[in-house]
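Participant: Here you go, one structure.
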Amino acid sequence: GCCICGWKEASCDIHHINGRKVQDADGHWNLTCVCPNHHRMYHNKKLKKEDFVPLTKYFPDNWKEMYYG
């Protein structure tokens with residue numbers, strides 16, 4: 001669900017907290033899961049990047065090894 005409101009009625013969006021031009025942009029430290037509403041609110045400057053919880057809080061860096069074995 002959304003890291004801000006917990007909404008999980010449909011698919012949430014993956015958002016790059018610090019943009020895509022930073023080194024290791026697709027790393028867990030830079031990705032978060034947000035509902036479409038909060039995603040748009042961020043891009044309309046209604047939220048700050050500090051409001052988002054990175055995926056590192058939910059999944060360890062080696063999640064692929066754990067998932068795929």
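Residues in the structure tokens are numbered from 1 in each chain, the chains being A, B, ... in the order shown, and ligands are numbered from 1 in the order shown.
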Taking only stretch 21-67 of chain A into account, list the residues labelled alpha helix (DSSP H) by DSSP (computed from the backbone), as a list in words.

Facilitator: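 Reading the DSSP output for stretch 21-67 of chain A, alpha helix (DSSP H) covers Pro36, Asn37, His38, His39, Arg40, Met41, Tyr42, His43, Trp63, Lys64, Glu65, Met66 and Tyr67 of chain A.
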
Participant: Would you pick out the contacts of stretch 34-44 of chain A at 9 Å or less, using only C-alpha atoms, so that residues sharing its chain but fewer than 6 positions from it are not included, and give the list as a list in words?

Facilitator: Gly1, Cys2, Cys3, Ile4, Cys5, Gly6, Trp7, Lys8, Ala10, Ser11, Cys12, Asp13, Ile14, His15 and Phe52 of chain A

Participant: So which bits of stretch 3-42 of chain A end up strand (DSSP E) when you DSSP the backbone, as a list in words?

Facilitator: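 Going through stretch 3-42 of chain A, the strand (DSSP E) residues come out as Asp13, Ile14, His15, His16, Leu31, Thr32, Cys33 and Val34 of chain A.
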
Participant: Pick out the closest residue to A:Leu31 from this set: A:Lys64, A:His16, A:Lys57, A:Lys49. Count only C-alpha atoms.

Facilitator: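 Looking only at the distances to A:Leu31, the closest residue turns out to be A:His16.
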
Participant: When you count only C-alpha atoms, which of these residues is closest to A:Pro54: A:Gly27, A:Arg20, A:Thr32, A:Glu9?

Facilitator: A:Thr32

Participant: Do you have the atom CA of A:Asp26-atom CA of A:Leu47 distance handy?

Facilitator: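 Computed distance, atom CA of A:Asp26 to atom CA of A:Leu47, equals 20.9 Å.
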
Participant: Which residues, written as a CSV table (one decimal) with N, CA and C atoms, in the first residue's frame, have at least one atom at most 7 Å from A:Thr56, with only C-alpha atoms counted and residues fewer than 3 positions away on the same chain left out?

Facilitator:
chain,number,residue,atom,x,y,z
A,28,HIS,N,16.8,0.5,-3.6
A,28,HIS,CA,15.7,0.6,-2.6
A,28,HIS,C,15.7,1.9,-1.8
A,29,TRP,N,16.8,2.5,-1.6
A,29,TRP,CA,16.9,3.8,-0.9
A,29,TRP,C,16.2,4.9,-1.6
A,59,PHE,N,11.7,-3.8,2.5
A,59,PHE,CA,12.4,-5.0,1.9
A,59,PHE,C,13.9,-4.8,2.1
A,60,PRO,N,14.6,-5.9,2.4
A,60,PRO,CA,16.1,-5.9,2.5
A,60,PRO,C,16.7,-5.7,1.1
A,61,ASP,N,17.9,-5.3,1.0
A,61,ASP,CA,18.6,-5.1,-0.3
A,61,ASP,C,18.7,-6.5,-1.1
